[in-house]
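**Q** The structure follows.
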Amino acid sequence: MRNGHTRVADYIISSLAELGVDHVFGVGGANIEDMYDAVHHGDGRVKAVVAKHEFSATCMAEGSHRTVGGLGVVMATSGAGAMNLVPGVAEAYAARVPLLALVGQPPRDLEGRGAFQDTSGRSGAFNAVELFGSISRFCARVDDPADTGKLLAAAVDAARSPRGGPAVLLLPKDVQQAAAGALRPLDELLTPTTVPAAAHRQAAADLLADAARGGSGIVLIAGDGVGHQDARAELAALADRLGASVAVTPDGKDAFDNREPRYVGVAGAIGHPTVRRQLEEAAVCVLVGTRLPVMARAGLDGVLADTPLICFDPEPPFIGPQPDGPPVVHVDGDLRAELRAVSALLPVLPARPAPARGPEYLVTPRPDSPGVRLSDAVEAIGSALPDDAPVVSDAGNASSAAVHYLTAPHRGKFIIAMGMGGMGHSFGTGIGAAFATGRRTYVLAGDGGFYAHGMEIHTAVEYDLPVTFIIFNNNAHAMCVTREQLFYEADYSFNTFKPSSIAAGAGAMFPSLNAVRATTAGELRTALTETNSTPGPALVCVEADPAEMPPFVPFLRQLESLTTPSGATHVDYVTPVG
């Protein structure tokens, strides 16, 4: 409220507070500044966080949701500010993250008349509604202040629907400044969240019961939808009831306790051979909170084609039924409710012991060159993580190593962008996680991700956040280097860099930042242990080797096809000690 008058901007911010939103993330600008002013003049329940880049602000909103749930909110101005939101909104769309983007627009009377940063679709300007509409569940321009309530409610409903995803409201500056008038409270406008029962509950229960009675194995593959819908307890209960093995997708690594005997590893391109072995013996495969995209099923298509499939997810699996193939049963609806309902339909089943061994790791070539090996670095990181730590992984070699080797903290979270896979995504996401949880958060990124969006470290410094940024510095886009060598037999590289001193540079730029360089796994472990007990942000730069191949199945198979006369595609594995 300004000067005793409630504006549309004030109405929106107070409505977000009623929804339980604590933080809005963004970057300021002329056509969004009224929203920030409304935060300042609000009752303090909503706090504004200014990022360095709108993409990272979107990632902060995502990180907040992925750690504590609720609606993530980002605010940005028109023009380039709005366009910088696109990759983050697209990631939220692909990953089905409930997110609300509030995007400023020029005043209405200037649209189509040469307004600066005009995206109205008039007089030759491009249309922001069409652009954002293609990457959101809902997008609308608020052209009449009186429509604010119903459009805000429609946006929130769409973001929080069973599919989930981003919603975008385009807010002309003069609409933000307009008097709120008699706008109804948001809770009176929201649609009650009633999800009808799935049509195929009984079919799923019958298929599971037959498999369990027959003594054959059952494999559950859990995805990030388990976290979005807070269904971890229901997943674990169903696994126990069925005596099933449990695998996870790369972005669902925290969906099931990685220390449980039933856990058999990660599925797909960065996964563990154990998953395929279990599927080969399974009578049915059950997808929970995932449609099983390519990165989660690479190397498994053959065995999945011969295995009956049940998919608990609001959307159907990417593996559809085939003529004369095994059944595919899709159980849509609310994930928690459907897991409980199907479990209740099951008869008394014979007890089935957990698998005799846990995940088996891929063997990758170990170059005889300087640098901390990826597996050694991840082992050191894992030994220093608190049990409730949020861990955010970036793209590239560092992410492959984290997905494959790291045991997700038992009471923490593991977050990775597998929708658009944007390099640098982890910096904003980790900051958003730290704001939401107040706990020390760990960001694992390569130097490429650091160069893309690592200046968000400034945001962590500015707000004195407990975030430890672990940078794998191999002076390269190392995964691209590997691709050049494997798929093009290249004696060149466009992806190697001149050496840099990231820790020294960051420490000089931000004097309050605890920045350390680690050249051995022992130094990394010590640095993490020491920074765990200090307040504020920290950065540990791990000197890695661009020649090291990450644990990525397509790379290993291509390597074998180049070195084995028969072109065999067998990939070795090892069983972890303990």
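Starting from 1 in every chain, residues are counted up; chains themselves are A, B, ... following the order of the structure tokens, and ligands are numbered from 1 as listed.
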When you look at segment 39-43 of chain A with a cut-off of 7 Å (counting only C-alpha atoms), what residues show up, excluding the ones that are within fewer than 3 positions of it in the same chain? I need them as a PyMOL selection string.

**A** chain A and resi 1-2+13+35-36+46-48

**Q** Excluding same-chain residues fewer than 2 positions from segment 51-57 of chain A, what lies within 10 Å of it counting only C-alpha atoms, as a PyMOL selection string?

**A** chain A and resi 24-28+48-49+59-63+73-77+80-89+422+424-432+453-460+462

**Q** Write out as an mmCIF file with all heavy atoms, in the first residue's frame each polymer residue whose atoms come within 12 Å of segment 141-146 of chain A, counting only C-alpha atoms; drop sequence neighbours fewer than 2 positions from it.

**A**
data_model
loop_
_atom_site.group_PDB
_atom_site.id
_atom_site.type_symbol
_atom_site.label_atom_id
_atom_site.label_comp_id
_atom_site.auth_asym_id
_atom_site.auth_seq_id
_atom_site.Cartn_x
_atom_site.Cartn_y
_atom_site.Cartn_z
ATOM 1 N N ARG A 7 -2.694 -0.771 -4.435
ATOM 2 C CA ARG A 7 -2.512 -0.915 -5.878
ATOM 3 C C ARG A 7 -2.652 -2.384 -6.277
ATOM 4 O O ARG A 7 -2.621 -3.280 -5.441
ATOM 5 C CB ARG A 7 -1.115 -0.428 -6.280
ATOM 6 C CG ARG A 7 -0.819 1.020 -5.924
ATOM 7 C CD ARG A 7 0.688 1.277 -5.925
ATOM 8 N NE ARG A 7 1.356 0.546 -4.862
ATOM 9 C CZ ARG A 7 2.683 0.513 -4.677
ATOM 10 N NH1 ARG A 7 3.472 1.159 -5.511
ATOM 11 N NH2 ARG A 7 3.192 -0.174 -3.671
ATOM 12 N N VAL A 8 -2.755 -2.610 -7.581
ATOM 13 C CA VAL A 8 -2.736 -3.979 -8.088
ATOM 14 C C VAL A 8 -1.464 -4.683 -7.646
ATOM 15 O O VAL A 8 -1.502 -5.856 -7.248
ATOM 16 C CB VAL A 8 -2.864 -3.987 -9.630
ATOM 17 C CG1 VAL A 8 -2.496 -5.349 -10.198
ATOM 18 C CG2 VAL A 8 -4.279 -3.603 -10.043
ATOM 19 N N ALA A 9 -0.331 -3.999 -7.669
ATOM 20 C CA ALA A 9 0.927 -4.597 -7.220
ATOM 21 C C ALA A 9 0.832 -5.043 -5.763
ATOM 22 O O ALA A 9 1.302 -6.124 -5.396
ATOM 23 C CB ALA A 9 2.069 -3.601 -7.405
ATOM 24 N N TYR A 11 -1.909 -5.847 -4.151
ATOM 25 C CA TYR A 11 -2.831 -6.990 -4.120
ATOM 26 C C TYR A 11 -2.100 -8.278 -4.470
ATOM 27 O O TYR A 11 -2.291 -9.314 -3.810
ATOM 28 C CB TYR A 11 -3.983 -6.742 -5.090
ATOM 29 C CG TYR A 11 -4.853 -7.952 -5.331
ATOM 30 C CD1 TYR A 11 -5.883 -8.280 -4.448
ATOM 31 C CD2 TYR A 11 -4.651 -8.775 -6.436
ATOM 32 C CE1 TYR A 11 -6.681 -9.398 -4.667
ATOM 33 C CE2 TYR A 11 -5.441 -9.884 -6.662
ATOM 34 C CZ TYR A 11 -6.452 -10.202 -5.776
ATOM 35 O OH TYR A 11 -7.238 -11.308 -5.988
ATOM 36 N N ILE A 12 -1.263 -8.243 -5.507
ATOM 37 C CA ILE A 12 -0.555 -9.457 -5.927
ATOM 38 C C ILE A 12 0.394 -9.925 -4.833
ATOM 39 O O ILE A 12 0.431 -11.123 -4.496
ATOM 40 C CB ILE A 12 0.193 -9.204 -7.243
ATOM 41 C CG1 ILE A 12 -0.791 -8.982 -8.396
ATOM 42 C CG2 ILE A 12 1.116 -10.382 -7.574
ATOM 43 C CD1 ILE A 12 -0.139 -8.554 -9.690
ATOM 44 N N ALA A 101 5.805 -16.642 -12.941
ATOM 45 C CA ALA A 101 6.646 -15.563 -13.442
ATOM 46 C C ALA A 101 5.787 -14.316 -13.637
ATOM 47 O O ALA A 101 4.805 -14.338 -14.383
ATOM 48 C CB ALA A 101 7.303 -15.965 -14.759
ATOM 49 N N LEU A 102 6.158 -13.253 -12.930
ATOM 50 C CA LEU A 102 5.486 -11.962 -13.056
ATOM 51 C C LEU A 102 6.388 -11.062 -13.886
ATOM 52 O O LEU A 102 7.499 -10.725 -13.463
ATOM 53 C CB LEU A 102 5.235 -11.361 -11.666
ATOM 54 C CG LEU A 102 4.422 -12.244 -10.711
ATOM 55 C CD1 LEU A 102 4.406 -11.648 -9.314
ATOM 56 C CD2 LEU A 102 3.001 -12.431 -11.233
ATOM 57 N N VAL A 103 5.929 -10.693 -15.067
ATOM 58 C CA VAL A 103 6.785 -10.033 -16.051
ATOM 59 C C VAL A 103 6.219 -8.654 -16.368
ATOM 60 O O VAL A 103 5.084 -8.528 -16.857
ATOM 61 C CB VAL A 103 6.880 -10.874 -17.343
ATOM 62 C CG1 VAL A 103 7.871 -10.240 -18.314
ATOM 63 C CG2 VAL A 103 7.295 -12.301 -17.015
ATOM 64 N N GLY A 104 7.005 -7.624 -16.100
ATOM 65 C CA GLY A 104 6.585 -6.269 -16.387
ATOM 66 C C GLY A 104 6.501 -5.993 -17.875
ATOM 67 O O GLY A 104 7.199 -6.604 -18.687
ATOM 68 N N GLN A 105 5.623 -5.078 -18.243
ATOM 69 C CA GLN A 105 5.434 -4.662 -19.633
ATOM 70 C C GLN A 105 5.324 -3.131 -19.682
ATOM 71 O O GLN A 105 5.006 -2.478 -18.675
ATOM 72 C CB GLN A 105 4.155 -5.279 -20.201
ATOM 73 C CG GLN A 105 4.148 -6.801 -20.235
ATOM 74 C CD GLN A 105 5.049 -7.361 -21.313
ATOM 75 O OE1 GLN A 105 4.694 -7.428 -22.480
ATOM 76 N NE2 GLN A 105 6.249 -7.749 -20.923
ATOM 77 N N PRO A 106 5.568 -2.524 -20.843
ATOM 78 C CA PRO A 106 5.386 -1.075 -20.959
ATOM 79 C C PRO A 106 3.940 -0.673 -20.667
ATOM 80 O O PRO A 106 3.018 -1.492 -20.750
ATOM 81 C CB PRO A 106 5.753 -0.795 -22.419
ATOM 82 C CG PRO A 106 6.598 -1.950 -22.853
ATOM 83 C CD PRO A 106 6.067 -3.130 -22.092
ATOM 84 N N PRO A 107 3.721 0.584 -20.331
ATOM 85 C CA PRO A 107 2.333 1.045 -20.114
ATOM 86 C C PRO A 107 1.460 0.776 -21.339
ATOM 87 O O PRO A 107 1.911 0.833 -22.481
ATOM 88 C CB PRO A 107 2.502 2.551 -19.879
ATOM 89 C CG PRO A 107 3.906 2.719 -19.391
ATOM 90 C CD PRO A 107 4.699 1.659 -20.096
ATOM 91 N N ARG A 108 0.198 0.522 -21.097
ATOM 92 C CA ARG A 108 -0.699 0.097 -22.169
ATOM 93 C C ARG A 108 -0.826 1.135 -23.282
ATOM 94 O O ARG A 108 -0.913 0.777 -24.457
ATOM 95 C CB ARG A 108 -2.089 -0.207 -21.589
ATOM 96 C CG ARG A 108 -2.158 -1.470 -20.744
ATOM 97 C CD ARG A 108 -3.501 -1.571 -20.034
ATOM 98 N NE ARG A 108 -3.647 -0.508 -19.037
ATOM 99 C CZ ARG A 108 -4.765 -0.258 -18.363
ATOM 100 N NH1 ARG A 108 -5.852 -0.994 -18.599
ATOM 101 N NH2 ARG A 108 -4.823 0.720 -17.461
ATOM 102 N N ASP A 109 -0.816 2.414 -22.914
ATOM 103 C CA ASP A 109 -1.039 3.426 -23.949
ATOM 104 C C ASP A 109 0.153 3.595 -24.882
ATOM 105 O O ASP A 109 0.055 4.289 -25.901
ATOM 106 C CB ASP A 109 -1.423 4.765 -23.316
ATOM 107 C CG ASP A 109 -0.319 5.343 -22.435
ATOM 108 O OD1 ASP A 109 0.668 4.617 -22.149
ATOM 109 O OD2 ASP A 109 -0.437 6.512 -22.030
ATOM 110 N N GLU A 111 1.917 0.716 -25.942
ATOM 111 C CA GLU A 111 2.091 -0.537 -26.673
ATOM 112 C C GLU A 111 1.602 -0.366 -28.114
ATOM 113 O O GLU A 111 0.514 0.172 -28.365
ATOM 114 C CB GLU A 111 1.335 -1.672 -25.980
ATOM 115 C CG GLU A 111 1.966 -2.049 -24.654
ATOM 116 C CD GLU A 111 1.245 -3.195 -23.967
ATOM 117 O OE1 GLU A 111 0.008 -3.308 -24.130
ATOM 118 O OE2 GLU A 111 1.910 -3.985 -23.271
ATOM 119 N N THR A 119 6.542 -5.781 -26.341
ATOM 120 C CA THR A 119 6.318 -7.177 -26.746
ATOM 121 C C THR A 119 4.816 -7.472 -26.791
ATOM 122 O O THR A 119 4.367 -8.553 -26.432
ATOM 123 C CB THR A 119 7.021 -8.160 -25.777
ATOM 124 O OG1 THR A 119 6.557 -7.926 -24.437
ATOM 125 C CG2 THR A 119 8.528 -7.982 -25.816
ATOM 126 N N SER A 120 4.055 -6.480 -27.225
ATOM 127 C CA SER A 120 2.589 -6.595 -27.213
ATOM 128 C C SER A 120 2.040 -7.347 -28.404
ATOM 129 O O SER A 120 0.862 -7.714 -28.416
ATOM 130 C CB SER A 120 1.973 -5.191 -27.192
ATOM 131 O OG SER A 120 2.286 -4.497 -28.403
ATOM 132 N N GLY A 121 2.862 -7.562 -29.448
ATOM 133 C CA GLY A 121 2.369 -8.165 -30.673
ATOM 134 C C GLY A 121 1.708 -7.170 -31.606
ATOM 135 O O GLY A 121 1.177 -7.554 -32.656
ATOM 136 N N ASN A 127 5.117 -11.004 -29.933
ATOM 137 C CA ASN A 127 4.061 -11.229 -28.954
ATOM 138 C C ASN A 127 4.571 -12.093 -27.805
ATOM 139 O O ASN A 127 4.824 -13.290 -27.982
ATOM 140 C CB ASN A 127 2.865 -11.907 -29.633
ATOM 141 C CG ASN A 127 1.624 -11.871 -28.763
ATOM 142 O OD1 ASN A 127 1.702 -11.923 -27.547
ATOM 143 N ND2 ASN A 127 0.469 -11.766 -29.407
ATOM 144 N N ALA A 128 4.718 -11.481 -26.629
ATOM 145 C CA ALA A 128 5.221 -12.224 -25.467
ATOM 146 C C ALA A 128 4.244 -13.295 -25.015
ATOM 147 O O ALA A 128 4.655 -14.319 -24.464
ATOM 148 C CB ALA A 128 5.520 -11.261 -24.312
ATOM 149 N N VAL A 129 2.941 -13.091 -25.242
ATOM 150 C CA VAL A 129 1.961 -14.119 -24.858
ATOM 151 C C VAL A 129 2.210 -15.392 -25.663
ATOM 152 O O VAL A 129 2.184 -16.502 -25.125
ATOM 153 C CB VAL A 129 0.525 -13.615 -25.061
ATOM 154 C CG1 VAL A 129 -0.474 -14.746 -24.841
ATOM 155 C CG2 VAL A 129 0.223 -12.469 -24.113
ATOM 156 N N GLU A 130 2.469 -15.233 -26.954
ATOM 157 C CA GLU A 130 2.734 -16.410 -27.782
ATOM 158 C C GLU A 130 4.049 -17.065 -27.385
ATOM 159 O O GLU A 130 4.145 -18.298 -27.342
ATOM 160 C CB GLU A 130 2.747 -16.012 -29.247
ATOM 161 C CG GLU A 130 1.397 -15.578 -29.781
ATOM 162 C CD GLU A 130 1.447 -15.232 -31.263
ATOM 163 O OE1 GLU A 130 2.544 -15.294 -31.857
ATOM 164 O OE2 GLU A 130 0.383 -14.889 -31.820
ATOM 165 N N PHE A 132 5.781 -16.964 -24.370
ATOM 166 C CA PHE A 132 5.708 -17.643 -23.078
ATOM 167 C C PHE A 132 4.608 -18.696 -23.059
ATOM 168 O O PHE A 132 4.692 -19.672 -22.312
ATOM 169 C CB PHE A 132 5.502 -16.629 -21.954
ATOM 170 C CG PHE A 132 6.738 -15.873 -21.577
ATOM 171 C CD1 PHE A 132 6.881 -14.539 -21.918
ATOM 172 C CD2 PHE A 132 7.775 -16.498 -20.898
ATOM 173 C CE1 PHE A 132 8.022 -13.835 -21.580
ATOM 174 C CE2 PHE A 132 8.922 -15.806 -20.555
ATOM 175 C CZ PHE A 132 9.049 -14.462 -20.897
ATOM 176 N N GLY A 133 3.578 -18.508 -23.885
ATOM 177 C CA GLY A 133 2.518 -19.504 -23.925
ATOM 178 C C GLY A 133 2.998 -20.863 -24.374
ATOM 179 O O GLY A 133 2.432 -21.896 -23.991
ATOM 180 N N PHE A 138 0.189 -21.784 -18.469
ATOM 181 C CA PHE A 138 -0.781 -20.693 -18.567
ATOM 182 C C PHE A 138 -0.015 -19.406 -18.791
ATOM 183 O O PHE A 138 1.005 -19.166 -18.150
ATOM 184 C CB PHE A 138 -1.615 -20.584 -17.285
ATOM 185 C CG PHE A 138 -2.591 -19.431 -17.268
ATOM 186 C CD1 PHE A 138 -3.869 -19.587 -17.782
ATOM 187 C CD2 PHE A 138 -2.223 -18.198 -16.739
ATOM 188 C CE1 PHE A 138 -4.767 -18.534 -17.765
ATOM 189 C CE2 PHE A 138 -3.109 -17.143 -16.721
ATOM 190 C CZ PHE A 138 -4.389 -17.304 -17.237
ATOM 191 N N CYS A 139 -0.502 -18.574 -19.698
ATOM 192 C CA CYS A 139 0.104 -17.258 -19.914
ATOM 193 C C CYS A 139 -0.993 -16.281 -20.295
ATOM 194 O O CYS A 139 -1.845 -16.587 -21.149
ATOM 195 C CB CYS A 139 1.172 -17.315 -20.999
ATOM 196 S SG CYS A 139 1.953 -15.703 -21.334
ATOM 197 N N THR A 148 -7.305 -8.769 -12.629
ATOM 198 C CA THR A 148 -6.094 -9.247 -11.959
ATOM 199 C C THR A 148 -6.373 -10.480 -11.114
ATOM 200 O O THR A 148 -5.634 -11.468 -11.168
ATOM 201 C CB THR A 148 -5.481 -8.145 -11.083
ATOM 202 O OG1 THR A 148 -5.177 -7.004 -11.887
ATOM 203 C CG2 THR A 148 -4.202 -8.646 -10.409
ATOM 204 N N GLY A 149 -7.426 -10.446 -10.313
ATOM 205 C CA GLY A 149 -7.691 -11.555 -9.393
ATOM 206 C C GLY A 149 -7.944 -12.859 -10.115
ATOM 207 O O GLY A 149 -7.336 -13.891 -9.804
ATOM 208 N N LYS A 150 -8.833 -12.822 -11.113
ATOM 209 C CA LYS A 150 -9.171 -14.079 -11.791
ATOM 210 C C LYS A 150 -7.992 -14.611 -12.602
ATOM 211 O O LYS A 150 -7.796 -15.832 -12.692
ATOM 212 C CB LYS A 150 -10.402 -13.905 -12.670
ATOM 213 C CG LYS A 150 -10.217 -13.029 -13.896
ATOM 214 C CD LYS A 150 -11.501 -12.967 -14.725
ATOM 215 C CE LYS A 150 -11.296 -12.146 -16.007
ATOM 216 N NZ LYS A 150 -12.544 -12.060 -16.804
ATOM 217 N N LEU A 151 -7.166 -13.722 -13.186
ATOM 218 C CA LEU A 151 -6.019 -14.195 -13.956
ATOM 219 C C LEU A 151 -4.915 -14.707 -13.034
ATOM 220 O O LEU A 151 -4.241 -15.700 -13.353
ATOM 221 C CB LEU A 151 -5.502 -13.078 -14.862
ATOM 222 C CG LEU A 151 -6.414 -12.702 -16.021
ATOM 223 C CD1 LEU A 151 -5.852 -11.521 -16.800
ATOM 224 C CD2 LEU A 151 -6.629 -13.899 -16.955
ATOM 225 N N LEU A 152 -4.709 -14.059 -11.892
ATOM 226 C CA LEU A 152 -3.740 -14.564 -10.927
ATOM 227 C C LEU A 152 -4.171 -15.932 -10.413
ATOM 228 O O LEU A 152 -3.349 -16.857 -10.293
ATOM 229 C CB LEU A 152 -3.586 -13.586 -9.766
ATOM 230 C CG LEU A 152 -2.615 -13.998 -8.649
ATOM 231 C CD1 LEU A 152 -1.208 -14.203 -9.182
ATOM 232 C CD2 LEU A 152 -2.619 -12.955 -7.523
ATOM 233 N N ALA A 154 -6.070 -18.125 -11.992
ATOM 234 C CA ALA A 154 -5.905 -19.097 -13.079
ATOM 235 C C ALA A 154 -4.439 -19.498 -13.221
ATOM 236 O O ALA A 154 -4.125 -20.668 -13.473
ATOM 237 C CB ALA A 154 -6.426 -18.513 -14.386
ATOM 238 N N ALA A 155 -3.536 -18.530 -13.056
ATOM 239 C CA ALA A 155 -2.107 -18.837 -13.152
ATOM 240 C C ALA A 155 -1.666 -19.764 -12.025
ATOM 241 O O ALA A 155 -0.939 -20.739 -12.247
ATOM 242 C CB ALA A 155 -1.301 -17.538 -13.127
ATOM 243 N N ALA A 167 3.612 -20.724 -14.844
ATOM 244 C CA ALA A 167 2.556 -19.849 -15.344
ATOM 245 C C ALA A 167 3.135 -18.445 -15.410
ATOM 246 O O ALA A 167 3.966 -18.069 -14.594
ATOM 247 C CB ALA A 167 1.334 -19.897 -14.441
ATOM 248 N N VAL A 168 2.697 -17.690 -16.397
ATOM 249 C CA VAL A 168 3.274 -16.374 -16.657
ATOM 250 C C VAL A 168 2.165 -15.333 -16.723
ATOM 251 O O VAL A 168 1.163 -15.513 -17.425
ATOM 252 C CB VAL A 168 4.062 -16.368 -17.989
ATOM 253 C CG1 VAL A 168 4.671 -14.992 -18.249
ATOM 254 C CG2 VAL A 168 5.144 -17.445 -17.980
ATOM 255 N N LEU A 169 2.346 -14.248 -15.953
ATOM 256 C CA LEU A 169 1.446 -13.100 -16.044
ATOM 257 C C LEU A 169 2.241 -11.901 -16.544
ATOM 258 O O LEU A 169 3.274 -11.546 -15.956
ATOM 259 C CB LEU A 169 0.830 -12.770 -14.685
ATOM 260 C CG LEU A 169 -0.316 -13.653 -14.186
ATOM 261 C CD1 LEU A 169 -0.842 -13.118 -12.871
ATOM 262 C CD2 LEU A 169 -1.443 -13.741 -15.206
ATOM 263 N N LEU A 170 1.787 -11.287 -17.625
ATOM 264 C CA LEU A 170 2.400 -10.091 -18.181
ATOM 265 C C LEU A 170 1.659 -8.876 -17.632
ATOM 266 O O LEU A 170 0.438 -8.748 -17.812
ATOM 267 C CB LEU A 170 2.331 -10.126 -19.702
ATOM 268 C CG LEU A 170 2.973 -11.367 -20.344
ATOM 269 C CD1 LEU A 170 2.679 -11.426 -21.833
ATOM 270 C CD2 LEU A 170 4.468 -11.387 -20.096
ATOM 271 N N LEU A 171 2.393 -8.001 -16.951
ATOM 272 C CA LEU A 171 1.788 -6.926 -16.181
ATOM 273 C C LEU A 171 2.248 -5.567 -16.698
ATOM 274 O O LEU A 171 3.368 -5.119 -16.388
ATOM 275 C CB LEU A 171 2.166 -7.063 -14.700
ATOM 276 C CG LEU A 171 1.769 -8.358 -14.001
ATOM 277 C CD1 LEU A 171 2.482 -8.479 -12.664
ATOM 278 C CD2 LEU A 171 0.260 -8.398 -13.811
ATOM 279 N N PRO A 172 1.437 -4.862 -17.494
ATOM 280 C CA PRO A 172 1.798 -3.508 -17.889
ATOM 281 C C PRO A 172 2.033 -2.623 -16.655
ATOM 282 O O PRO A 172 1.371 -2.779 -15.622
ATOM 283 C CB PRO A 172 0.586 -3.038 -18.697
ATOM 284 C CG PRO A 172 -0.019 -4.313 -19.217
ATOM 285 C CD PRO A 172 0.184 -5.308 -18.122
ATOM 286 N N LYS A 173 2.935 -1.680 -16.791
ATOM 287 C CA LYS A 173 3.315 -0.856 -15.653
ATOM 288 C C LYS A 173 2.133 -0.087 -15.070
ATOM 289 O O LYS A 173 1.964 -0.011 -13.846
ATOM 290 C CB LYS A 173 4.419 0.121 -16.063
ATOM 291 C CG LYS A 173 4.941 0.994 -14.919
ATOM 292 C CD LYS A 173 6.083 1.878 -15.360
ATOM 293 C CE LYS A 173 6.557 2.765 -14.222
ATOM 294 N NZ LYS A 173 7.208 1.995 -13.136
ATOM 295 N N ASP A 174 1.289 0.444 -15.933
ATOM 296 C CA ASP A 174 0.161 1.208 -15.420
ATOM 297 C C ASP A 174 -0.878 0.318 -14.750
ATOM 298 O O ASP A 174 -1.622 0.780 -13.870
ATOM 299 C CB ASP A 174 -0.474 2.058 -16.523
ATOM 300 C CG ASP A 174 -0.956 1.250 -17.705
ATOM 301 O OD1 ASP A 174 -0.250 0.298 -18.103
ATOM 302 O OD2 ASP A 174 -2.046 1.541 -18.249
ATOM 303 N N VAL A 175 -0.952 -0.954 -15.142
ATOM 304 C CA VAL A 175 -1.835 -1.888 -14.443
ATOM 305 C C VAL A 175 -1.316 -2.144 -13.037
ATOM 306 O O VAL A 175 -2.089 -2.176 -12.069
ATOM 307 C CB VAL A 175 -1.981 -3.212 -15.231
ATOM 308 C CG1 VAL A 175 -2.691 -4.263 -14.394
ATOM 309 C CG2 VAL A 175 -2.737 -2.970 -16.523
ATOM 310 N N GLN A 176 -0.010 -2.323 -12.909
ATOM 311 C CA GLN A 176 0.564 -2.517 -11.573
ATOM 312 C C GLN A 176 0.241 -1.338 -10.661
ATOM 313 O O GLN A 176 0.000 -1.506 -9.459
ATOM 314 C CB GLN A 176 2.078 -2.679 -11.671
ATOM 315 C CG GLN A 176 2.555 -3.872 -12.467
ATOM 316 C CD GLN A 176 4.058 -3.846 -12.664
ATOM 317 O OE1 GLN A 176 4.814 -3.591 -11.733
ATOM 318 N NE2 GLN A 176 4.500 -4.078 -13.895
ATOM 319 N N GLN A 177 0.241 -0.119 -11.227
ATOM 320 C CA GLN A 177 0.029 1.092 -10.435
ATOM 321 C C GLN A 177 -1.445 1.391 -10.194
ATOM 322 O O GLN A 177 -1.769 2.227 -9.334
ATOM 323 C CB GLN A 177 0.667 2.284 -11.147
ATOM 324 C CG GLN A 177 2.182 2.197 -11.282
ATOM 325 C CD GLN A 177 2.742 3.325 -12.125
ATOM 326 O OE1 GLN A 177 2.075 3.830 -13.031
ATOM 327 N NE2 GLN A 177 3.976 3.721 -11.826
ATOM 328 N N ALA A 178 -2.320 0.728 -10.913
ATOM 329 C CA ALA A 178 -3.752 1.027 -10.816
ATOM 330 C C ALA A 178 -4.305 0.644 -9.446
ATOM 331 O O ALA A 178 -3.781 -0.241 -8.753
ATOM 332 C CB ALA A 178 -4.508 0.284 -11.914
ATOM 333 N N ALA A 179 -5.373 1.299 -9.068
ATOM 334 C CA ALA A 179 -6.046 0.974 -7.806
ATOM 335 C C ALA A 179 -6.631 -0.431 -7.868
ATOM 336 O O ALA A 179 -7.225 -0.826 -8.883
ATOM 337 C CB ALA A 179 -7.134 1.987 -7.519
ATOM 338 N N ALA A 180 -6.435 -1.168 -6.771
ATOM 339 C CA ALA A 180 -6.936 -2.550 -6.731
ATOM 340 C C ALA A 180 -8.451 -2.591 -6.689
ATOM 341 O O ALA A 180 -9.068 -3.581 -7.111
ATOM 342 C CB ALA A 180 -6.345 -3.284 -5.530
ATOM 343 N N GLY A 181 -9.055 -1.541 -6.174
ATOM 344 C CA GLY A 181 -10.514 -1.502 -6.145
ATOM 345 C C GLY A 181 -11.093 -2.620 -5.310
ATOM 346 O O GLY A 181 -10.626 -2.916 -4.202
ATOM 347 N N ALA A 182 -12.107 -3.283 -5.857
ATOM 348 C CA ALA A 182 -12.826 -4.324 -5.109
ATOM 349 C C ALA A 182 -12.388 -5.717 -5.529
ATOM 350 O O ALA A 182 -13.226 -6.630 -5.628
ATOM 351 C CB ALA A 182 -14.323 -4.145 -5.298
ATOM 352 N N LEU A 183 -11.099 -5.918 -5.789
ATOM 353 C CA LEU A 183 -10.616 -7.246 -6.159
ATOM 354 C C LEU A 183 -10.868 -8.221 -5.013
ATOM 355 O O LEU A 183 -10.564 -7.934 -3.850
ATOM 356 C CB LEU A 183 -9.121 -7.196 -6.481
ATOM 357 C CG LEU A 183 -8.734 -6.506 -7.788
ATOM 358 C CD1 LEU A 183 -7.214 -6.388 -7.894
ATOM 359 C CD2 LEU A 183 -9.291 -7.274 -8.983
ATOM 360 N N ARG A 184 -11.417 -9.376 -5.351
ATOM 361 C CA ARG A 184 -11.739 -10.382 -4.330
ATOM 362 C C ARG A 184 -10.464 -11.054 -3.827
ATOM 363 O O ARG A 184 -9.471 -11.167 -4.562
ATOM 364 C CB ARG A 184 -12.678 -11.432 -4.921
ATOM 365 C CG ARG A 184 -14.059 -10.898 -5.262
ATOM 366 C CD ARG A 184 -14.830 -11.906 -6.090
ATOM 367 N NE ARG A 184 -14.986 -13.184 -5.395
ATOM 368 C CZ ARG A 184 -15.430 -14.299 -5.969
ATOM 369 N NH1 ARG A 184 -15.744 -14.275 -7.269
ATOM 370 N NH2 ARG A 184 -15.562 -15.407 -5.273
#

**Q** Select, from A:Pro550, A:Pro359, A:Pro365, A:Gly522, the residue with the minimum atom-to-atom distance to Ser400 of chain A, counting only C-alpha atoms.

**A**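 Result for the nearest residue to Ser400 of chain A: A:Pro550.
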
**Q** Would you write out, as a Markdown table, a table of all residues in segment 311-399 of chain A that have an atom no more than 10 Å from an atom of segment 478-496 of chain A, listing for each the closest atom pair and the distance in Å to one decimal, considering only C-alpha atoms and ordering rows by chain and rising residue number?

**A**
| residue | atom | partner | partner_atom | distance |
| --- | --- | --- | --- | --- |
| A:Ala395 | CA | A:Met479 | CA | 9.3 |
| A:Gly396 | CA | A:Met479 | CA | 5.7 |
| A:Asn397 | CA | A:Met479 | CA | 5.8 |
| A:Ala398 | CA | A:Met479 | CA | 9.3 |
